[in-house]
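*Asks:* One structure follows; several queries about it will come next.
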Amino acid sequence: MTMKRFLTILLAAAITTMIACGGGGETAAYEEDEELEEIVSAGGSATAASGGGAAAAVANAGTITGAVTLAGNPAPQSTIQMGADPACQAAHSSPVHAQNVVVNPAGQLANVFVYVKDFRGAAPKPTEPAILDQRGCQYFPHVGGVQVGQTLRIRNSDPTLHNVHAMPKVNREFNIGQPVQGMTTDKVFDKPEVMVPFKCDVHNWMSSYLAVLPHPYFGTSNEQGSFQIANLPPGTYTLEAWHEKFGTQTQQVTVAPNEQKQVSFSFNAS
Amino acid sequence: MKPQEPIPHNYRMSTLNKVFALSSLALLALVGAMVMYDYARGWKRFQLEFLRVQRDRITQQLEVARRATGEEQLRALDQRMREGEADIARKRAELREAEDTVREWEGRHYRADQDFRFAKAVLDSLRYEAEVLALRKARGWEGKQQEFREQETRVERLKLVLEDVSASRDAALARRDGILSRIAEIEREKKDLLADVELLEKQLATVDFKRPEFLLLNMPLLDFVSPTLKVEQVVLNDMFVDMNYMVVPRVDRCMTCHKGIDRPGFESREEAQRLIAELEGKLDGFQIAPDRIADTMARIEQLRPIAEARRNLRNPYRTHPRLDMFVGSASPHPLLEYGCTSCHRGLDRATDFARAGHTPSSEEQQKRWEEHYGWKRQPFLESPMHPRQYFEASCIKCHSGEVRVDEADRISEGTQMIELYGCAGCHKIDNWRFQDLRKPGPDLRGIAEKTSPEWTVRWLTNPKDFRATTRMPSFFYLRNMVGPHIGPAERESNEKKQNAEIQAIVAYLFANSTRRGWPEGPSGDPARGAALVDTVGCYGCHVAQETVTDSAGAVRTANRDDFPLERNYGFNLVGTGTKTRSDWLFHWLKNPRNYYQQAPMPDLRLTDQEAADITAWLMSLRKPDFMNMPVAPADRAALSELSRSYMITSMTERETDARLASMTSQQQLVFLGQRTIEKYGCFGCHDIKGFEDAKPIGTELTIEGSKNIHLFDFGFVHDFETESGEHEHVLHTVPSWIYAKVRSPRVFDDQRERGYHDKLKMPNFFFTRNEAEAVTGVVLGLTKDRVAPERIAARTSEARVAQEGRKLVSQNNCRACHVVDGHGGAIAQTVEDPGMLPPDLGPEGSRVQSDWLFAFLKDPTVMALRPWLGARMPTFHFSDGEADKITRYFAADANVPTFETDDGISPHPQSAAVGGIVFDMLRCAQCHPTQAVAATAEADLASLAPNLQLSRERLRHDWVPDWILRPNEIVPGTRMPTNFPRNAETGEYESPLTLAIGSPQFASYRQALLQHFRSEEEMLQALADAPRISHHLRDYIWTIGIRSMPPARDPVEEPPPYTPETPPPAPAPGVQSTSLRVPGGETPGR
């Protein structure tokens, strides 16, 4: 009797030990993953630094305005020959210039895309669609941005066939034909990507670059070389300026609550 | 009775009792220990831990399911149920009455039914009696018949009664059920709502390892009955283990510990992320059948928490990656048929970590395994597992009859490298893939026509000095000859011998070279030549640069793997002017087969002027410094010593001395050259006169991957520095040895004492890590492992022909310009405008007619599809057999019949007319010419698309509408726009014409279209139907088709224009540099 009880206890103990040991180092089912935890906590603190979410931030948001200049003498802008398509030719009475380097005599550079590179907080969701217009066989805007998940409405304002060929690396590529004037097609990008090139295979001079960002804090320089990023929650950010020909530049910027921050970028034509 | 005298013992009972008691206790303890030892198997812990993982997963899912179920929803249901019950309580009297009615009518129904049946039985017996009486003409038969008729009427009446009663009963039932139905409905709803939760709860109960039955079933000694922790296995009848004395089926027990291997839901974080991206991509791309969409979305939901989890599941608990390819029951390699060890290798029946043959992939992994799993080296294991980086090696076992293994890119790359670097030239590999390969090096039987001995000596000294990315390996001045391990005296002697060997090889080659004279071509313009090289397509196969700019913007010397393999197929063009004679070069460019029938370079159909321009440019690519490299003449002592070392094997000392004395230095050099070529096996890659039938010199690699580790000589090497200065560690495993050998072939001579001729001879290809791993993977896959013949891929005769075609695609480097099977198109690196790229051949089989393809392959000038393209399809001078194999490969790849001609089809005129109008509306002609295009036309040539006049001769009838509907799905990234985008919800094609026809821009088309339809409604219906429109368009395109293709013929080759051979110049004893500036004894430049 005692022996039996002894055995039972022994066996029960054996099983329990085995089960208890199951969680030991030898069989542990999960990798220790410190790296990820760091990322998670870093993300959390960044949100805190930017004022704990977008809704609260808008109240004391700052604005970045800036100027972009070009040093040196760029090659003169090339003229586009639109003879291949009479419909394009007819849309213009004067010669049309390429949109890649648009600079005025004061050296102010247009079509530079400036954006906050490292915004980690919660960004307001876009409600309005962004527009990409094909007018006079050119894209408007030539350089711009959309938000992740924002509808991009592509419109053909010309009485001719355009095709819109987006060539992203991260997002899904598409290439749609728009033979009808006034026709629109809606597209959505679901991953951030700087930049997505667009072109028209029918008119090979037509090109456009759109950035896809997870937030609305970006701007494109106008013909006076100035841009604006509004409603930016206070914090320290990396700003990047992108130009299709002259590459990118970055700078650190700290925006205090309600501050009107001035920055400037200067590219070199060489 | 006399009391029995105690027998005298020399032991005491009480002591003995104690001894017995103690020893029986000890024995018991021992038995207990034995049982425990037998019981506590390592794999049980993994199974227990897996239960824990399962419990966690199910608990998580349960939470989600409960949340999804929603407390509120449940409460609402309960509320409705209570209301229903209250309702019933209120109508209790009514219900009781309804139930009474039901009962009553049930009774009546029973009775009516009974009456009817009895009456019918009586009727049957009466019928019989009446019939019998009538037959016998017996008395009273008429009365009986009368009786029968009356009974018949009664049955009719009873039937009507029964029908009435049934109707009343059903009505009563319906009334009662109506009252009760509300509750039944709510109960059903609740059950549906809780189904998920209940299922999960049941699952949770099965993985609970603390419940008593679990403990009981798995208790030691009792666990023979029906344990839940047990060894699991699959028996693989088609996969064999060679036990040396017999071949037996594999029995894989890996899943005893790898419990989650075939169950979705235990993926690693990375795999979950990859899968989500893949599945979402497929959903977006309409690649998932409509009935699978819900399942796919459920799978994504299952994966999402894994992809976002903070803790990553570890092996052995993970699901196998790529279940769609491996292990999964619907995959091509299901677990039950292929198991684990047929790919991973290892000991199939083992259930212990170390014995299973797990092979570490790195030093760190080995340390971790030793620490955590008690890993030990298993020196007697015949087939240890492939380490992580070489998993793909086993594909070769079944797929060696295929040129590329789909989805196994590393193996495919390694195989291509072995072909390109000519490994099979020295190492016999008895494997279809490596047989009948063209020699990778140039023909040296005419070397004197093309270059000089001075250049060749310097080239052999170190080919990389001349071209950083050359595929020619280095044979001389390597680590086992002049490396840091070699003493100064031996080093000096080795240097002299190496130089003597080089000089000897050059002397032999030039003494045995033809010397045909090539007339000089016209004078050319290097600038025009450079532009031609850029546009004609040379950069598909060649590079002309030795430096690259890395991602950080720094300029460094290029490696071969900075460029796609296809661009290493041709030689790097730098230094051509220093190496090659211009007269020879001109004729080589005109047609490489003038020089060499097997030339890998195709005929680009250059005009004399074009060839002269390119020659001029190539001759301007000079490396003058290279020729200034000092070279000493062959050392006489070294020359004699080496010559002697060969002669002495077949002659006596005296004969040798006499023979040597009778030879001039030049004769000695040529003699030694022949022996040295034999020693290093140069003929493996080059055609050399006198070595036409020589046998390869290297170790046979046919079953290299099966060789036991004791057959590999590890020397004294544990850690070493490669020639490029990278540190490598050699584990004591076969993969690690092969890798080290490929990386630095002479490394195992380090610190060894060996005679000059006994040292390792394999040349150094200076492979990077990446390249060496790809090659090692293939070598590891060359095993003697056997599988049942039906498991071998590509076995049918049709598949064999297709694979032969695929081999030709690889051997002729078609992928340099074209994307084939989703790989290749290397030329894209140098072509800025994608509109100027050669076509993607992914869908070629389903796109073009076989007749056309055959003719085009034979002679690409039969049809100028895009005459404005700079890059031209070269003439490969394929034989009929070769062109046929390639044609059949493309057809087989697309799964379309080879012999089908769409010639006879002529479209209905009305359909073509509608197509013509739509063609104008969609403005197809904006890009597609419909008449011959002059190369000088004002049109923007880069925007043009293929000429549609040629479609009827070239394209398959079914292909055209399919292409019009979904170009981007067939060739992702194509310039052809999608005119009929799919509806994001339904996946149906939408037509822009519905919108267009209403717009004033298209008013005239509307009138034209109406003529072809009976009503406006019909027209609108047709315009909205995208597939129908695509057929109209095809019919229109068919009507504009012209017949322009001349019959296929092999362009006649002009006879080569060389003059007869001139005698070789007077022999000089070895090459001596005219620009030798250093004193004689100095080390030759390296």
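Within each chain, counting starts at residue 1; across the structure tokens, chains are named A, B, ... in the order shown, with ligands numbered 1 upward in that order.
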Report as a list in words all protein, DNA and RNA residues lying within 8 Å of B:Gln378, evaluated on only C-alpha atoms, omitting residues in the same chain fewer than 3 positions from it.

*Replies:*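 Neighbouring residues, sequence-local ones excluded: Ala354, Arg355, Gly357 and Leu381 of chain B.
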
*Asks:* Counting only C-alpha atoms, what is within 10 Å of stretch 73-78 of chain B, bar same-chain residues fewer than 2 positions away, as a PyMOL selection string?

*Replies:* chain B and resi 68-71+80-84+186-187+189-190+193-194

*Asks:* Go ahead and save the residues from that selection, with all heavy atoms, as a short mmCIF file (atom, residue, chain, number, x, y, z; two decimals), in the first residue's frame.

*Replies:*
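Listed below is the output, part.cif:
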```
data_model
loop_
_atom_site.label_atom_id
_atom_site.label_comp_id
_atom_site.auth_asym_id
_atom_site.auth_seq_id
_atom_site.Cartn_x
_atom_site.Cartn_y
_atom_site.Cartn_z
N ALA B 68 -15.55 39.74 -31.23
CA ALA B 68 -16.30 39.87 -32.48
C ALA B 68 -17.75 39.51 -32.26
O ALA B 68 -18.66 40.10 -32.85
CB ALA B 68 -15.68 38.97 -33.54
N THR B 69 -17.98 38.50 -31.39
CA THR B 69 -19.34 38.09 -31.13
C THR B 69 -20.13 39.25 -30.53
O THR B 69 -21.28 39.49 -30.89
CB THR B 69 -19.35 36.91 -30.13
OG1 THR B 69 -18.46 35.94 -30.64
CG2 THR B 69 -20.72 36.35 -29.97
N GLY B 70 -19.48 39.95 -29.63
CA GLY B 70 -20.11 41.16 -29.12
C GLY B 70 -21.12 40.88 -28.04
O GLY B 70 -22.12 40.20 -28.26
N GLU B 71 -20.83 41.42 -26.86
CA GLU B 71 -21.73 41.24 -25.72
C GLU B 71 -23.13 41.75 -26.05
O GLU B 71 -24.12 41.09 -25.76
CB GLU B 71 -21.18 42.02 -24.52
CG GLU B 71 -19.93 41.40 -23.92
CD GLU B 71 -20.21 40.03 -23.31
OE1 GLU B 71 -21.19 39.93 -22.55
OE2 GLU B 71 -19.48 39.08 -23.63
N ARG B 80 -34.60 39.03 -26.88
CA ARG B 80 -35.63 38.58 -27.82
C ARG B 80 -36.17 37.22 -27.43
O ARG B 80 -37.36 36.95 -27.54
CB ARG B 80 -35.07 38.54 -29.24
CG ARG B 80 -35.23 39.85 -29.95
CD ARG B 80 -34.52 39.84 -31.29
NE ARG B 80 -35.00 38.78 -32.17
CZ ARG B 80 -34.34 38.34 -33.23
NH1 ARG B 80 -33.16 38.88 -33.51
NH2 ARG B 80 -34.82 37.39 -33.99
N MET B 81 -35.26 36.37 -26.93
CA MET B 81 -35.69 35.04 -26.54
C MET B 81 -36.67 35.12 -25.37
O MET B 81 -37.70 34.45 -25.35
CB MET B 81 -34.46 34.22 -26.14
CG MET B 81 -34.85 32.84 -25.82
SD MET B 81 -33.94 31.56 -26.52
CE MET B 81 -32.42 31.46 -26.48
N ARG B 82 -36.28 35.99 -24.41
CA ARG B 82 -37.18 36.14 -23.26
C ARG B 82 -38.54 36.66 -23.69
O ARG B 82 -39.57 36.18 -23.25
CB ARG B 82 -36.55 37.07 -22.22
CG ARG B 82 -35.67 36.35 -21.22
CD ARG B 82 -35.41 37.24 -20.01
NE ARG B 82 -34.72 38.46 -20.39
CZ ARG B 82 -33.40 38.52 -20.60
NH1 ARG B 82 -32.65 37.44 -20.50
NH2 ARG B 82 -32.83 39.64 -20.93
N GLU B 83 -38.51 37.61 -24.60
CA GLU B 83 -39.77 38.16 -25.10
C GLU B 83 -40.61 37.06 -25.75
O GLU B 83 -41.81 36.95 -25.52
CB GLU B 83 -39.52 39.26 -26.12
CG GLU B 83 -39.25 40.61 -25.48
CD GLU B 83 -38.72 41.59 -26.50
OE1 GLU B 83 -38.86 41.35 -27.73
OE2 GLU B 83 -38.13 42.61 -26.08
N GLY B 84 -39.93 36.26 -26.55
CA GLY B 84 -40.63 35.16 -27.23
C GLY B 84 -41.27 34.22 -26.23
O GLY B 84 -42.43 33.82 -26.38
N ILE B 186 -34.54 32.16 -32.76
CA ILE B 186 -33.57 32.85 -31.92
C ILE B 186 -32.48 31.89 -31.47
O ILE B 186 -31.30 32.21 -31.47
CB ILE B 186 -34.26 33.50 -30.72
CG1 ILE B 186 -35.20 34.61 -31.20
CG2 ILE B 186 -33.24 34.09 -29.76
CD1 ILE B 186 -36.16 35.09 -30.15
N GLU B 187 -32.91 30.66 -31.14
CA GLU B 187 -31.91 29.69 -30.70
C GLU B 187 -30.90 29.36 -31.80
O GLU B 187 -29.71 29.25 -31.56
CB GLU B 187 -32.60 28.41 -30.23
CG GLU B 187 -32.77 28.41 -28.73
CD GLU B 187 -33.62 27.26 -28.24
OE1 GLU B 187 -34.05 26.44 -29.09
OE2 GLU B 187 -33.85 27.19 -27.03
N GLU B 189 -30.04 31.31 -34.27
CA GLU B 189 -29.19 32.49 -34.45
C GLU B 189 -28.07 32.50 -33.42
O GLU B 189 -26.91 32.77 -33.73
CB GLU B 189 -30.03 33.76 -34.26
CG GLU B 189 -30.12 34.62 -35.50
CD GLU B 189 -31.03 35.81 -35.25
OE1 GLU B 189 -30.52 36.80 -34.69
OE2 GLU B 189 -32.23 35.74 -35.59
N LYS B 190 -28.45 32.18 -32.19
CA LYS B 190 -27.48 32.21 -31.12
C LYS B 190 -26.41 31.15 -31.34
O LYS B 190 -25.21 31.38 -31.15
CB LYS B 190 -28.19 31.95 -29.79
CG LYS B 190 -27.33 32.26 -28.59
CD LYS B 190 -28.16 32.25 -27.33
CE LYS B 190 -27.27 32.32 -26.11
NZ LYS B 190 -28.03 32.24 -24.88
N LEU B 193 -24.05 32.30 -33.96
CA LEU B 193 -23.20 33.37 -33.45
C LEU B 193 -22.08 32.80 -32.59
O LEU B 193 -20.95 33.28 -32.62
CB LEU B 193 -24.07 34.33 -32.62
CG LEU B 193 -23.49 35.69 -32.35
CD1 LEU B 193 -23.29 36.42 -33.67
CD2 LEU B 193 -24.40 36.49 -31.46
N LEU B 194 -22.40 31.76 -31.86
CA LEU B 194 -21.41 31.23 -30.92
C LEU B 194 -20.59 30.07 -31.50
O LEU B 194 -19.74 29.52 -30.83
CB LEU B 194 -22.11 30.76 -29.64
CG LEU B 194 -22.64 31.92 -28.79
CD1 LEU B 194 -23.42 31.37 -27.61
CD2 LEU B 194 -21.53 32.81 -28.30
#
```

*Asks:* Within 7 Å of chain A, which residues belong to chain B? Use only C-alpha atoms and report them as a ChimeraX atom specification.

*Replies:* /B:45-46,48-49,220,310-314,317,372-373,922-923,927,939-940,943,973,975,977-979,996

*Asks:* Okay, now the selection with N, CA, C and O atoms, as an mmCIF file, in the first residue's frame?

*Replies:*
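File written: again28.cif
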```
data_model
loop_
_atom_site.group_PDB
_atom_site.id
_atom_site.type_symbol
_atom_site.label_atom_id
_atom_site.label_comp_id
_atom_site.auth_asym_id
_atom_site.auth_seq_id
_atom_site.Cartn_x
_atom_site.Cartn_y
_atom_site.Cartn_z
ATOM 1 N N ARG B 45 9.478 17.228 -24.579
ATOM 2 C CA ARG B 45 9.482 18.623 -24.134
ATOM 3 C C ARG B 45 9.024 19.548 -25.250
ATOM 4 O O ARG B 45 8.303 20.505 -25.019
ATOM 5 N N PHE B 46 9.477 19.235 -26.468
ATOM 6 C CA PHE B 46 9.070 20.093 -27.582
ATOM 7 C C PHE B 46 7.580 19.973 -27.821
ATOM 8 O O PHE B 46 6.907 20.953 -28.121
ATOM 9 N N LEU B 48 5.326 19.255 -25.554
ATOM 10 C CA LEU B 48 4.632 19.980 -24.482
ATOM 11 C C LEU B 48 4.659 21.476 -24.739
ATOM 12 O O LEU B 48 3.659 22.172 -24.588
ATOM 13 N N GLU B 49 5.836 21.946 -25.168
ATOM 14 C CA GLU B 49 5.964 23.378 -25.414
ATOM 15 C C GLU B 49 5.053 23.797 -26.570
ATOM 16 O O GLU B 49 4.469 24.868 -26.565
ATOM 17 N N PRO B 220 4.156 7.425 -17.150
ATOM 18 C CA PRO B 220 5.132 6.378 -17.453
ATOM 19 C C PRO B 220 4.502 5.009 -17.228
ATOM 20 O O PRO B 220 3.679 4.838 -16.320
ATOM 21 N N ARG B 310 4.800 41.047 -30.893
ATOM 22 C CA ARG B 310 6.099 41.492 -30.391
ATOM 23 C C ARG B 310 7.038 40.318 -30.214
ATOM 24 O O ARG B 310 8.239 40.471 -30.268
ATOM 25 N N ARG B 311 6.464 39.129 -29.989
ATOM 26 C CA ARG B 311 7.329 37.969 -29.814
ATOM 27 C C ARG B 311 7.288 37.107 -31.067
ATOM 28 O O ARG B 311 6.217 36.815 -31.589
ATOM 29 N N ASN B 312 8.462 36.722 -31.517
ATOM 30 C CA ASN B 312 8.543 35.944 -32.744
ATOM 31 C C ASN B 312 8.687 34.471 -32.382
ATOM 32 O O ASN B 312 9.551 34.107 -31.595
ATOM 33 N N LEU B 313 7.843 33.652 -32.960
ATOM 34 C CA LEU B 313 7.895 32.218 -32.675
ATOM 35 C C LEU B 313 9.185 31.640 -33.244
ATOM 36 O O LEU B 313 9.674 32.064 -34.275
ATOM 37 N N ARG B 314 9.711 30.657 -32.535
ATOM 38 C CA ARG B 314 10.988 30.092 -32.891
ATOM 39 C C ARG B 314 10.803 28.700 -33.482
ATOM 40 O O ARG B 314 9.764 28.092 -33.322
ATOM 41 N N TYR B 317 8.894 25.173 -33.701
ATOM 42 C CA TYR B 317 7.421 25.261 -33.632
ATOM 43 C C TYR B 317 6.795 25.895 -34.868
ATOM 44 O O TYR B 317 5.598 25.879 -35.026
ATOM 45 N N HIS B 372 22.153 25.088 -26.303
ATOM 46 C CA HIS B 372 20.729 24.885 -26.035
ATOM 47 C C HIS B 372 20.242 23.469 -26.279
ATOM 48 O O HIS B 372 19.360 22.985 -25.589
ATOM 49 N N TYR B 373 20.766 22.845 -27.314
ATOM 50 C CA TYR B 373 20.171 21.568 -27.706
ATOM 51 C C TYR B 373 21.151 20.405 -27.576
ATOM 52 O O TYR B 373 20.863 19.311 -28.045
ATOM 53 N N LEU B 922 -10.585 54.642 -79.516
ATOM 54 C CA LEU B 922 -9.579 54.433 -78.472
ATOM 55 C C LEU B 922 -8.219 54.990 -78.889
ATOM 56 O O LEU B 922 -7.264 54.943 -78.123
ATOM 57 N N ARG B 923 -8.140 55.475 -80.102
ATOM 58 C CA ARG B 923 -6.912 56.079 -80.633
ATOM 59 C C ARG B 923 -5.723 55.127 -80.563
ATOM 60 O O ARG B 923 -4.618 55.503 -80.160
ATOM 61 N N CYS B 927 -0.211 55.168 -81.218
ATOM 62 C CA CYS B 927 1.070 54.484 -80.994
ATOM 63 C C CYS B 927 1.339 53.394 -82.023
ATOM 64 O O CYS B 927 2.476 53.189 -82.420
ATOM 65 N N ALA B 939 7.384 61.292 -86.699
ATOM 66 C CA ALA B 939 6.772 60.764 -85.472
ATOM 67 C C ALA B 939 7.834 60.473 -84.415
ATOM 68 O O ALA B 939 8.967 60.139 -84.725
ATOM 69 N N ASP B 940 7.406 60.594 -83.194
ATOM 70 C CA ASP B 940 8.309 60.356 -82.085
ATOM 71 C C ASP B 940 8.511 58.846 -81.960
ATOM 72 O O ASP B 940 7.653 58.131 -81.471
ATOM 73 N N SER B 943 7.911 56.540 -78.905
ATOM 74 C CA SER B 943 6.544 56.331 -78.404
ATOM 75 C C SER B 943 5.792 55.300 -79.224
ATOM 76 O O SER B 943 4.651 55.006 -78.930
ATOM 77 N N GLY B 973 4.194 46.116 -66.069
ATOM 78 C CA GLY B 973 5.085 47.208 -66.439
ATOM 79 C C GLY B 973 5.073 47.524 -67.923
ATOM 80 O O GLY B 973 5.818 48.377 -68.378
ATOM 81 N N ARG B 975 4.179 49.029 -71.597
ATOM 82 C CA ARG B 975 3.765 50.381 -71.982
ATOM 83 C C ARG B 975 2.358 50.404 -72.540
ATOM 84 O O ARG B 975 1.761 51.461 -72.691
ATOM 85 N N PRO B 977 -1.291 50.581 -72.406
ATOM 86 C CA PRO B 977 -2.170 50.941 -71.285
ATOM 87 C C PRO B 977 -3.353 49.993 -71.139
ATOM 88 O O PRO B 977 -3.763 49.343 -72.099
ATOM 89 N N THR B 978 -3.864 49.931 -69.929
ATOM 90 C CA THR B 978 -5.065 49.150 -69.665
ATOM 91 C C THR B 978 -6.261 49.998 -70.063
ATOM 92 O O THR B 978 -6.550 51.003 -69.426
ATOM 93 N N ASN B 979 -6.950 49.605 -71.112
ATOM 94 C CA ASN B 979 -8.084 50.397 -71.567
ATOM 95 C C ASN B 979 -9.388 49.941 -70.944
ATOM 96 O O ASN B 979 -10.367 50.659 -70.962
ATOM 97 N N ALA B 996 -17.631 57.403 -73.372
ATOM 98 C CA ALA B 996 -17.173 58.146 -74.538
ATOM 99 C C ALA B 996 -18.315 58.448 -75.502
ATOM 100 O O ALA B 996 -18.404 59.550 -76.043
#
```

*Asks:* Out of A:Val112, A:Ala71, A:Ala87, A:Phe267, which residue has the shortest atom-to-atom distance to A:Glu223 when counting only C-alpha atoms?

*Replies:*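 Ranked by minimum distance to A:Glu223, first place goes to A:Val112.
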
*Asks:* Name all residues at most 12 Å from B:Thr699 (count only C-alpha atoms; drop same-chain ones fewer than 5 positions away) and give them as a PyMOL selection string.

*Replies:* chain B and resi 423-429+681+704+712+760-762+779

*Asks:* What is the distance between atom CA of B:Glu370 and atom CA of B:Asp719, in Å to one decimal?

*Replies:*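 Atom CA of B:Asp719 lies at a distance of 20.0 Å from atom CA of B:Glu370.
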
*Asks:* Between B:Leu162, B:Leu948, B:Gly529, B:Ser412, single out the one closest to B:Thr930, counting only C-alpha atoms.

*Replies:*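 For B:Thr930, the nearest of the candidates is B:Leu948.
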
*Asks:* Hey, what does DSSP flag as helix (DSSP H, G or I) within stretch 407-569 of chain B? Can you give it to me as a VMD selection string?

*Replies:* chain B and resid 409 to 421 423 to 426 432 to 434 447 to 450 453 to 461 463 to 466 479 to 482 488 to 511 526 to 536 538 to 540 560 to 562 565 to 568

*Asks:* Provide the atom CA of B:Ala634 to atom CA of B:Ala504 distance in Å, to one decimal place.

*Replies:*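 Between atom CA of B:Ala634 and atom CA of B:Ala504 the gap is 8.1 Å.
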